[in-house]
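Novice: See data_31.cif below, with mmCIF, C-alpha atoms.
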```
data_query
#
loop_
_atom_site.label_atom_id
_atom_site.label_comp_id
_atom_site.auth_asym_id
_atom_site.auth_seq_id
_atom_site.Cartn_x
_atom_site.Cartn_y
_atom_site.Cartn_z
CA MET I 1 36.91 -19.80 13.64
CA SER I 2 36.27 -22.33 16.36
CA ALA I 3 33.33 -22.01 18.69
CA PRO I 4 34.17 -20.20 21.92
CA GLU I 5 34.54 -22.09 25.13
CA LYS I 6 31.00 -22.40 26.38
CA ARG I 7 30.61 -21.31 29.96
CA GLN I 8 28.04 -23.04 32.10
CA GLY I 9 25.56 -20.41 33.12
CA PHE I 10 23.25 -20.84 36.06
CA VAL I 11 20.56 -19.04 37.99
CA LEU I 12 21.31 -18.02 41.55
CA TRP I 13 17.89 -17.27 42.97
CA PHE I 14 17.75 -15.49 46.32
CA THR I 15 14.39 -15.53 48.08
CA GLY I 16 13.34 -14.22 51.45
CA LEU I 17 11.53 -11.51 53.35
CA SER I 18 12.14 -7.84 52.74
CA GLY I 19 15.19 -6.90 54.78
CA ALA I 20 16.43 -10.47 55.16
CA GLY I 21 19.61 -9.64 53.27
CA LYS I 22 18.99 -10.83 49.69
CA SER I 23 20.43 -7.72 48.04
CA THR I 24 23.30 -7.45 50.51
CA LEU I 25 24.32 -11.06 49.91
CA SER I 26 23.94 -10.82 46.14
CA GLN I 27 25.95 -7.61 46.01
CA ALA I 28 28.68 -9.21 48.08
CA ILE I 29 28.86 -12.36 46.01
CA ALA I 30 28.70 -10.84 42.49
CA PRO I 31 32.25 -9.41 42.45
CA LEU I 32 33.65 -12.65 43.90
CA LEU I 33 32.05 -14.63 41.10
CA ARG I 34 33.46 -12.20 38.55
CA GLN I 35 36.91 -12.67 40.07
CA ARG I 36 36.51 -16.36 39.40
CA GLY I 37 35.93 -15.70 35.73
CA LEU I 38 32.15 -15.70 35.50
CA MET I 39 29.95 -13.26 33.67
CA VAL I 40 27.47 -12.04 36.28
CA GLU I 41 24.24 -10.11 35.93
CA THR I 42 22.07 -9.19 38.89
CA LEU I 43 18.35 -8.74 38.35
CA ASP I 44 17.33 -6.55 41.20
CA GLY I 45 13.67 -6.60 42.15
CA ASP I 46 13.22 -2.86 41.88
CA GLU I 47 15.07 -2.55 38.56
CA VAL I 48 12.99 -5.31 37.03
CA ARG I 49 9.78 -3.77 38.29
CA GLU I 50 10.76 -0.45 36.70
CA ASN I 51 11.80 -1.88 33.36
CA LEU I 52 9.69 -4.97 32.83
CA SER I 53 6.71 -4.73 35.12
CA LYS I 54 5.70 -1.11 35.44
CA GLY I 55 2.00 -0.89 36.12
CA LEU I 56 1.82 -4.22 37.92
CA THR I 57 0.40 -4.08 41.42
CA PHE I 58 1.25 -6.15 44.45
CA SER I 59 -1.77 -8.42 44.03
CA LYS I 60 -0.94 -12.11 43.99
CA GLU I 61 -1.54 -12.33 40.24
CA ASP I 62 0.69 -9.35 39.46
CA ARG I 63 3.42 -10.44 41.86
CA ASP I 64 3.42 -13.83 40.18
CA THR I 65 3.70 -12.21 36.76
CA ASN I 66 6.62 -10.09 37.94
CA VAL I 67 8.46 -13.10 39.33
CA ARG I 68 7.81 -15.13 36.16
CA ARG I 69 9.35 -12.31 34.12
CA ILE I 70 12.42 -12.34 36.32
CA GLY I 71 12.62 -16.09 35.78
CA PHE I 72 12.27 -15.70 32.02
CA VAL I 73 15.04 -13.13 31.75
CA ALA I 74 17.32 -14.96 34.20
CA ASN I 75 17.03 -18.07 32.05
CA LEU I 76 17.76 -16.10 28.85
CA LEU I 77 20.96 -14.82 30.43
CA ALA I 78 21.98 -18.10 32.04
CA ARG I 79 21.52 -20.19 28.92
CA ASN I 80 24.02 -17.84 27.33
CA GLY I 81 26.64 -18.61 29.92
CA VAL I 82 25.89 -15.86 32.43
CA CYS I 83 25.48 -16.33 36.18
CA ALA I 84 22.09 -14.66 36.58
CA ILE I 85 21.48 -13.53 40.15
CA THR I 86 17.96 -12.61 41.22
CA ALA I 87 17.12 -10.93 44.49
CA ALA I 88 13.37 -10.43 44.56
CA ILE I 89 11.24 -11.50 47.54
CA SER I 90 9.48 -14.06 45.29
CA PRO I 91 7.11 -15.07 48.08
CA TYR I 92 5.19 -17.92 46.45
CA ALA I 93 6.70 -21.41 46.29
CA SER I 94 4.69 -22.45 43.24
CA VAL I 95 5.96 -19.59 41.10
CA ARG I 96 9.57 -20.19 42.18
CA ALA I 97 8.98 -23.81 41.17
CA GLU I 98 7.75 -22.62 37.77
CA CYS I 99 10.90 -20.57 37.32
CA ARG I 100 12.99 -23.57 38.27
CA ALA I 101 11.12 -25.75 35.79
CA MET I 102 11.57 -23.13 33.06
CA ALA I 103 15.32 -22.92 33.61
CA GLN I 104 17.46 -24.75 31.04
CA VAL I 105 20.44 -24.45 33.36
CA PRO I 106 21.21 -25.25 37.01
CA PHE I 107 18.85 -23.36 39.29
CA ILE I 108 20.25 -22.64 42.73
CA GLU I 109 17.69 -21.41 45.24
CA VAL I 110 19.18 -19.57 48.19
CA TYR I 111 16.75 -19.12 51.04
CA VAL I 112 17.78 -16.00 52.88
CA ASN I 113 16.16 -16.88 56.14
CA ALA I 114 15.84 -14.57 59.07
CA PRO I 115 12.96 -14.57 61.53
CA LEU I 116 10.33 -11.98 60.82
CA ALA I 117 10.89 -10.54 64.31
CA VAL I 118 14.55 -9.94 63.45
CA VAL I 119 14.05 -8.27 60.07
CA GLU I 120 11.17 -6.26 61.51
CA ALA I 121 13.36 -5.09 64.38
CA ARG I 122 16.11 -4.10 61.91
CA ASP I 123 13.58 -2.45 59.55
CA VAL I 124 16.39 -0.90 57.53
CA LYS I 125 14.08 0.92 55.14
CA GLY I 126 11.30 1.63 57.62
CA LEU I 127 8.93 -0.47 55.53
CA TYR I 128 7.73 -2.76 58.29
CA ALA I 129 6.67 0.15 60.46
CA ARG I 130 4.74 1.60 57.54
CA ALA I 131 3.21 -1.81 56.77
CA ARG I 132 2.12 -2.26 60.40
CA ALA I 133 0.61 1.22 60.29
CA GLY I 134 -1.42 0.13 57.28
CA GLN I 135 0.39 2.50 54.93
CA ILE I 136 1.67 -0.30 52.68
CA PRO I 137 -0.95 -2.87 51.77
CA GLN I 138 -0.06 -6.47 50.96
CA PHE I 139 3.35 -6.35 52.55
CA THR I 140 5.05 -9.75 52.61
CA GLY I 141 5.31 -11.16 56.11
CA VAL I 142 2.90 -8.62 57.56
CA SER I 143 -0.24 -8.66 55.45
CA ASP I 144 0.78 -11.00 52.64
CA PRO I 145 2.17 -14.54 52.84
CA TYR I 146 5.75 -15.71 52.44
CA GLU I 147 6.12 -19.38 51.61
CA PRO I 148 9.59 -20.58 52.58
CA PRO I 149 11.35 -23.04 50.25
CA ALA I 150 10.99 -26.65 51.36
CA ARG I 151 14.31 -27.78 49.87
CA PRO I 152 16.49 -24.80 48.96
CA GLU I 153 19.95 -25.60 47.64
CA VAL I 154 21.40 -23.22 50.23
CA GLU I 155 19.92 -21.66 53.35
CA VAL I 156 21.49 -18.63 54.98
CA ASP I 157 20.12 -17.52 58.31
CA THR I 158 21.27 -13.92 58.45
CA SER I 159 20.21 -13.62 62.08
CA LYS I 160 23.02 -16.05 62.93
CA LEU I 161 25.61 -15.66 60.16
CA SER I 162 27.59 -12.67 59.02
CA ILE I 163 27.42 -11.61 55.38
CA GLU I 164 30.88 -13.11 54.83
CA GLU I 165 29.78 -16.42 56.31
CA GLY I 166 26.63 -16.41 54.19
CA VAL I 167 28.61 -15.65 51.03
CA ASP I 168 30.98 -18.45 51.91
CA LEU I 169 28.13 -20.96 52.25
CA VAL I 170 26.92 -20.08 48.76
CA LEU I 171 30.40 -20.20 47.22
CA ARG I 172 31.12 -23.58 48.77
CA TYR I 173 27.85 -24.95 47.43
CA LEU I 174 28.68 -23.69 43.93
CA GLU I 175 32.11 -25.29 44.17
CA ARG I 176 30.61 -28.63 45.19
CA ARG I 177 28.29 -28.44 42.19
CA GLY I 178 31.26 -27.69 39.94
CA LEU I 179 29.75 -24.37 38.85
CA ILE I 180 32.81 -22.45 40.00
CA SER I 181 36.33 -23.70 40.53
CA MET Q 1 41.59 -18.06 37.82
CA SER Q 2 41.97 -15.49 35.11
CA ALA Q 3 39.02 -13.61 33.74
CA PRO Q 4 37.51 -15.19 30.65
CA GLU Q 5 38.06 -13.64 27.28
CA LYS Q 6 35.36 -11.00 27.14
CA ARG Q 7 33.33 -11.21 23.97
CA GLN Q 8 31.99 -8.01 22.51
CA GLY Q 9 28.24 -8.30 22.55
CA PHE Q 10 26.01 -6.16 20.40
CA VAL Q 11 22.37 -5.60 19.56
CA LEU Q 12 21.21 -6.47 16.07
CA TRP Q 13 17.88 -4.71 15.83
CA PHE Q 14 15.64 -5.60 12.89
CA THR Q 15 12.76 -3.25 12.22
CA GLY Q 16 10.17 -3.17 9.47
CA LEU Q 17 6.59 -3.90 8.52
CA SER Q 18 4.87 -7.16 9.32
CA GLY Q 19 5.83 -9.59 6.59
CA ALA Q 20 8.87 -7.61 5.46
CA GLY Q 21 11.17 -10.48 6.39
CA LYS Q 22 12.54 -9.59 9.85
CA SER Q 23 12.07 -13.05 11.33
CA THR Q 24 13.21 -14.82 8.17
CA LEU Q 25 16.41 -12.77 8.02
CA SER Q 26 17.10 -13.11 11.74
CA GLN Q 27 16.53 -16.87 11.64
CA ALA Q 28 18.88 -17.16 8.67
CA ILE Q 29 21.62 -15.09 10.24
CA ALA Q 30 21.60 -16.54 13.78
CA PRO Q 31 23.22 -19.91 12.93
CA LEU Q 32 25.84 -18.17 10.77
CA LEU Q 33 26.81 -15.95 13.69
CA ARG Q 34 27.01 -19.00 15.97
CA GLN Q 35 29.30 -20.66 13.43
CA ARG Q 36 31.57 -17.67 13.80
CA GLY Q 37 31.81 -18.26 17.52
CA LEU Q 38 29.21 -15.84 18.86
CA MET Q 39 26.64 -16.49 21.53
CA VAL Q 40 23.33 -15.53 19.91
CA GLU Q 41 19.90 -14.97 21.42
CA THR Q 42 16.90 -13.97 19.35
CA LEU Q 43 14.12 -12.01 21.01
CA ASP Q 44 11.14 -12.71 18.85
CA GLY Q 45 8.29 -10.23 19.04
CA ASP Q 46 5.66 -12.84 19.86
CA GLU Q 47 7.75 -14.63 22.48
CA VAL Q 48 8.51 -11.36 24.24
CA ARG Q 49 4.87 -10.34 24.19
CA GLU Q 50 3.91 -13.67 25.77
CA ASN Q 51 6.57 -13.62 28.48
CA LEU Q 52 7.20 -9.98 29.24
CA SER Q 53 4.26 -8.00 27.97
CA LYS Q 54 1.13 -10.07 28.40
CA GLY Q 55 -1.84 -7.82 28.88
CA LEU Q 56 -0.37 -4.97 26.86
CA THR Q 57 -2.52 -3.77 23.97
CA PHE Q 58 -1.48 -2.38 20.61
CA SER Q 59 -2.07 1.22 21.67
CA LYS Q 60 0.90 3.49 21.05
CA GLU Q 61 1.73 3.62 24.75
CA ASP Q 62 1.63 -0.16 25.16
CA ARG Q 63 3.55 -0.80 21.94
CA ASP Q 64 6.22 1.60 23.17
CA THR Q 65 6.41 -0.20 26.51
CA ASN Q 66 6.77 -3.54 24.75
CA VAL Q 67 9.59 -2.26 22.55
CA ARG Q 68 11.36 -0.66 25.52
CA ARG Q 69 11.26 -4.00 27.32
CA ILE Q 70 12.80 -5.70 24.31
CA GLY Q 71 15.51 -3.03 24.35
CA PHE Q 72 16.13 -3.51 28.07
CA VAL Q 73 16.53 -7.28 27.77
CA ALA Q 74 18.58 -7.06 24.57
CA ASN Q 75 21.01 -4.75 26.36
CA LEU Q 76 21.22 -7.07 29.39
CA LEU Q 77 22.21 -9.91 27.09
CA ALA Q 78 24.55 -7.91 24.89
CA ARG Q 79 26.48 -6.35 27.76
CA ASN Q 80 27.23 -9.91 28.79
CA GLY Q 81 28.82 -10.73 25.47
CA VAL Q 82 25.78 -12.04 23.61
CA CYS Q 83 24.67 -11.00 20.12
CA ALA Q 84 21.07 -10.07 20.93
CA ILE Q 85 18.88 -10.15 17.85
CA THR Q 86 15.47 -8.49 17.98
CA ALA Q 87 12.82 -8.87 15.32
CA ALA Q 88 9.83 -6.84 16.42
CA ILE Q 89 8.10 -4.36 14.12
CA SER Q 90 9.16 -1.55 16.49
CA PRO Q 91 7.29 1.05 14.44
CA TYR Q 92 8.24 4.27 16.24
CA ALA Q 93 11.57 5.95 15.54
CA SER Q 94 11.72 7.69 18.92
CA VAL Q 95 11.43 4.46 20.89
CA ARG Q 96 14.04 2.76 18.73
CA ALA Q 97 16.24 5.77 19.45
CA GLU Q 98 15.63 5.28 23.19
CA CYS Q 99 16.68 1.65 22.91
CA ARG Q 100 19.81 2.72 21.03
CA ALA Q 101 20.61 5.29 23.71
CA MET Q 102 20.06 2.72 26.46
CA ALA Q 103 22.43 0.21 24.85
CA GLN Q 104 25.88 -0.05 26.44
CA VAL Q 105 27.12 -1.92 23.39
CA PRO Q 106 27.11 -1.39 19.61
CA PHE Q 107 23.54 -1.08 18.36
CA ILE Q 108 23.05 -2.13 14.75
CA GLU Q 109 19.71 -1.17 13.28
CA VAL Q 110 18.71 -3.19 10.24
CA TYR Q 111 15.86 -1.69 8.32
CA VAL Q 112 14.04 -4.52 6.60
CA ASN Q 113 12.48 -2.45 3.92
CA ALA Q 114 9.90 -3.69 1.48
CA PRO Q 115 7.12 -1.57 0.00
CA LEU Q 116 3.80 -1.97 1.75
CA ALA Q 117 2.25 -3.03 -1.56
CA VAL Q 118 4.73 -5.89 -1.78
CA VAL Q 119 4.30 -7.22 1.76
CA GLU Q 120 0.56 -6.78 1.48
CA ALA Q 121 0.51 -8.77 -1.77
CA ARG Q 122 2.57 -11.52 -0.12
CA ASP Q 123 0.39 -11.44 3.03
CA VAL Q 124 2.02 -14.63 4.28
CA LYS Q 125 -0.07 -14.80 7.44
CA GLY Q 126 -3.24 -13.30 6.00
CA LEU Q 127 -2.97 -10.43 8.45
CA TYR Q 128 -3.16 -7.60 5.93
CA ALA Q 129 -6.43 -8.93 4.51
CA ARG Q 130 -7.84 -9.10 8.03
CA ALA Q 131 -6.54 -5.63 8.82
CA ARG Q 132 -8.09 -4.18 5.66
CA ALA Q 133 -11.35 -5.88 6.59
CA GLY Q 134 -11.21 -4.08 9.93
CA GLN Q 135 -10.75 -7.29 11.89
CA ILE Q 136 -7.37 -6.23 13.33
CA PRO Q 137 -7.33 -2.70 14.69
CA GLN Q 138 -4.15 -0.62 14.81
CA PHE Q 139 -2.27 -2.71 12.29
CA THR Q 140 1.08 -1.20 11.37
CA GLY Q 141 1.13 0.10 7.80
CA VAL Q 142 -2.64 -0.13 7.42
CA SER Q 143 -4.23 1.67 10.34
CA ASP Q 144 -1.17 2.48 12.44
CA PRO Q 145 2.02 4.31 11.44
CA TYR Q 146 5.42 2.88 10.64
CA GLU Q 147 8.28 5.37 10.91
CA PRO Q 148 11.23 4.17 8.83
CA PRO Q 149 14.72 4.68 10.23
CA ALA Q 150 16.45 7.77 8.88
CA ARG Q 151 19.96 6.34 9.19
CA PRO Q 152 19.88 2.59 9.73
CA GLU Q 153 23.24 0.84 9.87
CA VAL Q 154 22.00 -1.60 7.23
CA GLU Q 155 19.04 -1.51 4.89
CA VAL Q 156 17.73 -4.64 3.23
CA ASP Q 157 15.05 -4.25 0.59
CA THR Q 158 13.54 -7.70 0.52
CA SER Q 159 11.52 -6.86 -2.57
CA LYS Q 160 14.81 -6.70 -4.49
CA LEU Q 161 17.22 -8.95 -2.60
CA SER Q 162 17.07 -12.63 -1.76
CA ILE Q 163 17.34 -13.72 1.86
CA GLU Q 164 20.91 -14.85 1.18
CA GLU Q 165 21.80 -11.45 -0.26
CA GLY Q 166 20.20 -9.70 2.71
CA VAL Q 167 22.05 -11.87 5.19
CA ASP Q 168 25.26 -11.18 3.33
CA LEU Q 169 24.73 -7.41 3.58
CA VAL Q 170 24.36 -7.68 7.34
CA LEU Q 171 27.37 -9.97 7.76
CA ARG Q 172 29.58 -7.69 5.69
CA TYR Q 173 28.53 -4.71 7.79
CA LEU Q 174 29.34 -6.59 11.01
CA GLU Q 175 32.73 -7.52 9.57
CA ARG Q 176 33.49 -3.91 8.68
CA ARG Q 177 32.60 -2.91 12.24
CA GLY Q 178 34.92 -5.63 13.58
CA LEU Q 179 32.05 -7.32 15.42
CA ILE Q 180 32.65 -10.60 13.64
CA SER Q 181 35.79 -11.87 11.95
#
```
Output the structure of this file as structure tokens.

Specialist:
Amino acid sequence: MSAPEKRQGFVLWFTGLSGAGKSTLSQAIAPLLRQRGLMVETLDGDEVRENLSKGLTFSKEDRDTNVRRIGFVANLLARNGVCAITAAISPYASVRAECRAMAQVPFIEVYVNAPLAVVEARDVKGLYARARAGQIPQFTGVSDPYEPPARPEVEVDTSKLSIEEGVDLVLRYLERRGLIS
Amino acid sequence: MSAPEKRQGFVLWFTGLSGAGKSTLSQAIAPLLRQRGLMVETLDGDEVRENLSKGLTFSKEDRDTNVRRIGFVANLLARNGVCAITAAISPYASVRAECRAMAQVPFIEVYVNAPLAVVEARDVKGLYARARAGQIPQFTGVSDPYEPPARPEVEVDTSKLSIEEGVDLVLRYLERRGLIS
């Protein structure tokens, strides 16, 4: 039996503040990638925390460990031909750089950028209000840092673009890279 | 573009005492499965501990968490068409059963069975001597339990079979199940 056609897997790494639109964008793009013939797996921040990182806190050290685990699993999937989408805040640039360095496949960082004032005004889950009230400690953007990517492969400002426009930006980048046709 | 041919992934879960031959068997079988056209990923116990479970101890609770994480990642891979091989001791029957229940793909449990006396006499890594000397606490088979599978899909007694014979048993089972051709 001949070896199967090897698909080129890659990591599609969304990063940005809580509420910036990482999950929304990743959920919108996943089915479109599947339509184009890719295997797609989304590693959602909450699901990973439940299954791989239970017991970790939101201290810098534990956040870093959580993000490294996401990077490890994303690479495992992607080196087996899967498009591994991650949608965790992943606030620290150095740890995202580690995940990029670990990846044995193309690593596409998508900076989901929206001004803090905008995501805080939206406050879809009510988390910013609770963080400002001191009910959630170490909340990224409020009481914990977010380090924006210096050179992301794609940047989507969700305060200016619709979801469809943001998805389109990502798809066009992947086409240019030859990762989708 | 049409959807790619979807491969049927599955989990090939080796379980058994330290030194029974889990890693040896899994390392021997992985290239043979690749030759037959499968994508194969091996989750080695030590690698997983380093990347997903650092800080966990060998208490029952922490061992269970480690094995659940292996099961979670193996399923992620296998539901994307990969043959996910695991080779951790995974001493507790109930947690292996949880991993089986969690799997959305065929779950093939391979009991790598060799009498404790045999693996202890081999003591390839010198771990049994250290465990008997009290230098390694909670060592499976010595000071911690190992619960053998009641109904494993395949059983390989490495005190009676060669590696080649063991590999052959597993391959023939996978053929009968239609997981390889």

Novice: Write out chain I, as a CSV table (one decimal) with C-alpha atoms, in the frame of the given file, after superposing it onto chain Q by least squares using every C-alpha atom paired in order.

Specialist:
```csv
chain,number,residue,atom,x,y,z
I,1,MET,CA,41.7,-18.1,37.7
I,2,SER,CA,42.1,-15.5,35.1
I,3,ALA,CA,39.1,-13.6,33.8
I,4,PRO,CA,37.6,-15.2,30.6
I,5,GLU,CA,38.1,-13.6,27.3
I,6,LYS,CA,35.4,-11.0,27.1
I,7,ARG,CA,33.3,-11.2,24.0
I,8,GLN,CA,32.0,-8.0,22.5
I,9,GLY,CA,28.2,-8.3,22.6
I,10,PHE,CA,26.0,-6.2,20.4
I,11,VAL,CA,22.4,-5.6,19.6
I,12,LEU,CA,21.2,-6.5,16.1
I,13,TRP,CA,17.9,-4.7,15.8
I,14,PHE,CA,15.6,-5.6,12.9
I,15,THR,CA,12.7,-3.2,12.2
I,16,GLY,CA,10.2,-3.2,9.5
I,17,LEU,CA,6.6,-3.9,8.5
I,18,SER,CA,4.9,-7.1,9.3
I,19,GLY,CA,5.8,-9.6,6.6
I,20,ALA,CA,8.9,-7.6,5.5
I,21,GLY,CA,11.2,-10.5,6.4
I,22,LYS,CA,12.5,-9.6,9.9
I,23,SER,CA,12.1,-13.0,11.3
I,24,THR,CA,13.2,-14.8,8.2
I,25,LEU,CA,16.4,-12.8,8.0
I,26,SER,CA,17.1,-13.1,11.8
I,27,GLN,CA,16.5,-16.9,11.6
I,28,ALA,CA,18.9,-17.2,8.7
I,29,ILE,CA,21.6,-15.1,10.2
I,30,ALA,CA,21.6,-16.6,13.8
I,31,PRO,CA,23.2,-19.9,12.9
I,32,LEU,CA,25.8,-18.2,10.8
I,33,LEU,CA,26.8,-16.0,13.7
I,34,ARG,CA,27.0,-19.0,16.0
I,35,GLN,CA,29.3,-20.7,13.5
I,36,ARG,CA,31.6,-17.7,13.8
I,37,GLY,CA,31.8,-18.2,17.5
I,38,LEU,CA,29.2,-15.8,18.9
I,39,MET,CA,26.6,-16.5,21.5
I,40,VAL,CA,23.3,-15.5,19.9
I,41,GLU,CA,19.9,-15.0,21.4
I,42,THR,CA,16.9,-14.0,19.4
I,43,LEU,CA,14.1,-12.0,21.0
I,44,ASP,CA,11.2,-12.7,18.9
I,45,GLY,CA,8.3,-10.2,19.1
I,46,ASP,CA,5.7,-12.8,19.9
I,47,GLU,CA,7.8,-14.6,22.5
I,48,VAL,CA,8.5,-11.4,24.3
I,49,ARG,CA,4.9,-10.3,24.2
I,50,GLU,CA,3.9,-13.7,25.8
I,51,ASN,CA,6.6,-13.6,28.5
I,52,LEU,CA,7.2,-10.0,29.3
I,53,SER,CA,4.3,-8.0,28.0
I,54,LYS,CA,1.1,-10.1,28.4
I,55,GLY,CA,-1.8,-7.8,28.9
I,56,LEU,CA,-0.4,-5.0,26.8
I,57,THR,CA,-2.5,-3.8,24.0
I,58,PHE,CA,-1.5,-2.4,20.6
I,59,SER,CA,-2.1,1.2,21.6
I,60,LYS,CA,0.9,3.5,21.0
I,61,GLU,CA,1.7,3.6,24.7
I,62,ASP,CA,1.6,-0.2,25.1
I,63,ARG,CA,3.6,-0.8,21.9
I,64,ASP,CA,6.2,1.6,23.2
I,65,THR,CA,6.4,-0.2,26.5
I,66,ASN,CA,6.8,-3.5,24.7
I,67,VAL,CA,9.6,-2.3,22.5
I,68,ARG,CA,11.4,-0.7,25.5
I,69,ARG,CA,11.3,-4.0,27.3
I,70,ILE,CA,12.8,-5.7,24.3
I,71,GLY,CA,15.5,-3.0,24.3
I,72,PHE,CA,16.1,-3.5,28.1
I,73,VAL,CA,16.5,-7.3,27.8
I,74,ALA,CA,18.6,-7.1,24.6
I,75,ASN,CA,21.0,-4.8,26.4
I,76,LEU,CA,21.2,-7.1,29.4
I,77,LEU,CA,22.2,-9.9,27.1
I,78,ALA,CA,24.5,-7.9,24.9
I,79,ARG,CA,26.5,-6.3,27.8
I,80,ASN,CA,27.2,-9.9,28.8
I,81,GLY,CA,28.8,-10.7,25.5
I,82,VAL,CA,25.8,-12.0,23.6
I,83,CYS,CA,24.7,-11.0,20.1
I,84,ALA,CA,21.1,-10.1,20.9
I,85,ILE,CA,18.9,-10.2,17.9
I,86,THR,CA,15.5,-8.5,18.0
I,87,ALA,CA,12.8,-8.9,15.3
I,88,ALA,CA,9.8,-6.9,16.4
I,89,ILE,CA,8.1,-4.4,14.1
I,90,SER,CA,9.1,-1.5,16.5
I,91,PRO,CA,7.3,1.1,14.4
I,92,TYR,CA,8.2,4.3,16.2
I,93,ALA,CA,11.6,6.0,15.5
I,94,SER,CA,11.7,7.7,18.9
I,95,VAL,CA,11.4,4.5,20.9
I,96,ARG,CA,14.0,2.7,18.7
I,97,ALA,CA,16.2,5.8,19.5
I,98,GLU,CA,15.6,5.3,23.2
I,99,CYS,CA,16.7,1.6,22.9
I,100,ARG,CA,19.8,2.7,21.0
I,101,ALA,CA,20.6,5.3,23.7
I,102,MET,CA,20.1,2.7,26.5
I,103,ALA,CA,22.4,0.2,24.8
I,104,GLN,CA,25.9,0.0,26.4
I,105,VAL,CA,27.1,-1.9,23.4
I,106,PRO,CA,27.1,-1.4,19.6
I,107,PHE,CA,23.5,-1.1,18.4
I,108,ILE,CA,23.0,-2.1,14.8
I,109,GLU,CA,19.7,-1.2,13.3
I,110,VAL,CA,18.7,-3.2,10.2
I,111,TYR,CA,15.8,-1.7,8.3
I,112,VAL,CA,14.0,-4.5,6.6
I,113,ASN,CA,12.5,-2.4,3.9
I,114,ALA,CA,9.9,-3.7,1.5
I,115,PRO,CA,7.1,-1.6,0.0
I,116,LEU,CA,3.8,-1.9,1.7
I,117,ALA,CA,2.3,-3.0,-1.6
I,118,VAL,CA,4.7,-5.9,-1.8
I,119,VAL,CA,4.3,-7.2,1.8
I,120,GLU,CA,0.6,-6.8,1.5
I,121,ALA,CA,0.5,-8.7,-1.8
I,122,ARG,CA,2.6,-11.5,-0.1
I,123,ASP,CA,0.4,-11.4,3.0
I,124,VAL,CA,2.0,-14.6,4.3
I,125,LYS,CA,-0.1,-14.8,7.4
I,126,GLY,CA,-3.2,-13.3,6.0
I,127,LEU,CA,-2.9,-10.4,8.4
I,128,TYR,CA,-3.2,-7.6,5.9
I,129,ALA,CA,-6.4,-8.9,4.5
I,130,ARG,CA,-7.8,-9.1,8.0
I,131,ALA,CA,-6.5,-5.6,8.8
I,132,ARG,CA,-8.1,-4.2,5.7
I,133,ALA,CA,-11.4,-5.9,6.6
I,134,GLY,CA,-11.2,-4.1,9.9
I,135,GLN,CA,-10.7,-7.3,11.9
I,136,ILE,CA,-7.4,-6.2,13.3
I,137,PRO,CA,-7.3,-2.7,14.7
I,138,GLN,CA,-4.2,-0.6,14.8
I,139,PHE,CA,-2.3,-2.7,12.3
I,140,THR,CA,1.1,-1.2,11.3
I,141,GLY,CA,1.1,0.1,7.8
I,142,VAL,CA,-2.6,-0.1,7.4
I,143,SER,CA,-4.2,1.7,10.3
I,144,ASP,CA,-1.2,2.5,12.4
I,145,PRO,CA,2.0,4.3,11.4
I,146,TYR,CA,5.4,2.9,10.6
I,147,GLU,CA,8.3,5.4,10.9
I,148,PRO,CA,11.2,4.2,8.8
I,149,PRO,CA,14.7,4.7,10.2
I,150,ALA,CA,16.4,7.8,8.9
I,151,ARG,CA,20.0,6.3,9.2
I,152,PRO,CA,19.9,2.6,9.7
I,153,GLU,CA,23.3,0.8,9.9
I,154,VAL,CA,22.0,-1.6,7.2
I,155,GLU,CA,19.0,-1.5,4.9
I,156,VAL,CA,17.7,-4.6,3.2
I,157,ASP,CA,15.1,-4.2,0.6
I,158,THR,CA,13.5,-7.7,0.5
I,159,SER,CA,11.5,-6.9,-2.6
I,160,LYS,CA,14.8,-6.7,-4.5
I,161,LEU,CA,17.2,-9.0,-2.6
I,162,SER,CA,17.1,-12.6,-1.8
I,163,ILE,CA,17.3,-13.7,1.9
I,164,GLU,CA,20.9,-14.9,1.2
I,165,GLU,CA,21.8,-11.5,-0.3
I,166,GLY,CA,20.2,-9.7,2.7
I,167,VAL,CA,22.1,-11.9,5.2
I,168,ASP,CA,25.3,-11.2,3.3
I,169,LEU,CA,24.7,-7.4,3.6
I,170,VAL,CA,24.4,-7.7,7.4
I,171,LEU,CA,27.4,-10.0,7.8
I,172,ARG,CA,29.6,-7.7,5.7
I,173,TYR,CA,28.5,-4.7,7.8
I,174,LEU,CA,29.3,-6.6,11.0
I,175,GLU,CA,32.7,-7.5,9.6
I,176,ARG,CA,33.5,-3.9,8.7
I,177,ARG,CA,32.6,-2.9,12.2
I,178,GLY,CA,34.9,-5.6,13.6
I,179,LEU,CA,32.0,-7.3,15.4
I,180,ILE,CA,32.7,-10.6,13.6
I,181,SER,CA,35.8,-11.8,12.0
```

Novice: Please determine the contact residues of chain I with respect to chain Q at a cut-off of 12 Å, counting all atoms listed in the file, and supply them as a PyMOL selection string.

Specialist: chain I and resi 1-7+9+31-43+47-56+62+65-84+102+180-181

Novice: Starting from the shown file, work through the PyMOL selection byres ((chain Q and resi 178) around 12) and note down what comes out as a PyMOL selection string.

Specialist: chain Q and resi 7-10+106+171-177+179-181

Novice: Once you have the residues from the selection above, write them out as a compact mmCIF listing (two decimals), in the coordinates of the input, restricted to C-alpha atoms.

Specialist:
```txt
# COMPACT_ATOMS: atom_id res chain seq x y z
CA ARG Q 7 33.33 -11.21 23.97
CA GLN Q 8 31.99 -8.01 22.51
CA GLY Q 9 28.24 -8.30 22.55
CA PHE Q 10 26.01 -6.16 20.40
CA PRO Q 106 27.11 -1.39 19.61
CA LEU Q 171 27.37 -9.97 7.76
CA ARG Q 172 29.58 -7.69 5.69
CA TYR Q 173 28.53 -4.71 7.79
CA LEU Q 174 29.34 -6.59 11.01
CA GLU Q 175 32.73 -7.52 9.57
CA ARG Q 176 33.49 -3.91 8.68
CA ARG Q 177 32.60 -2.91 12.24
CA LEU Q 179 32.05 -7.32 15.42
CA ILE Q 180 32.65 -10.60 13.64
CA SER Q 181 35.79 -11.87 11.95
```
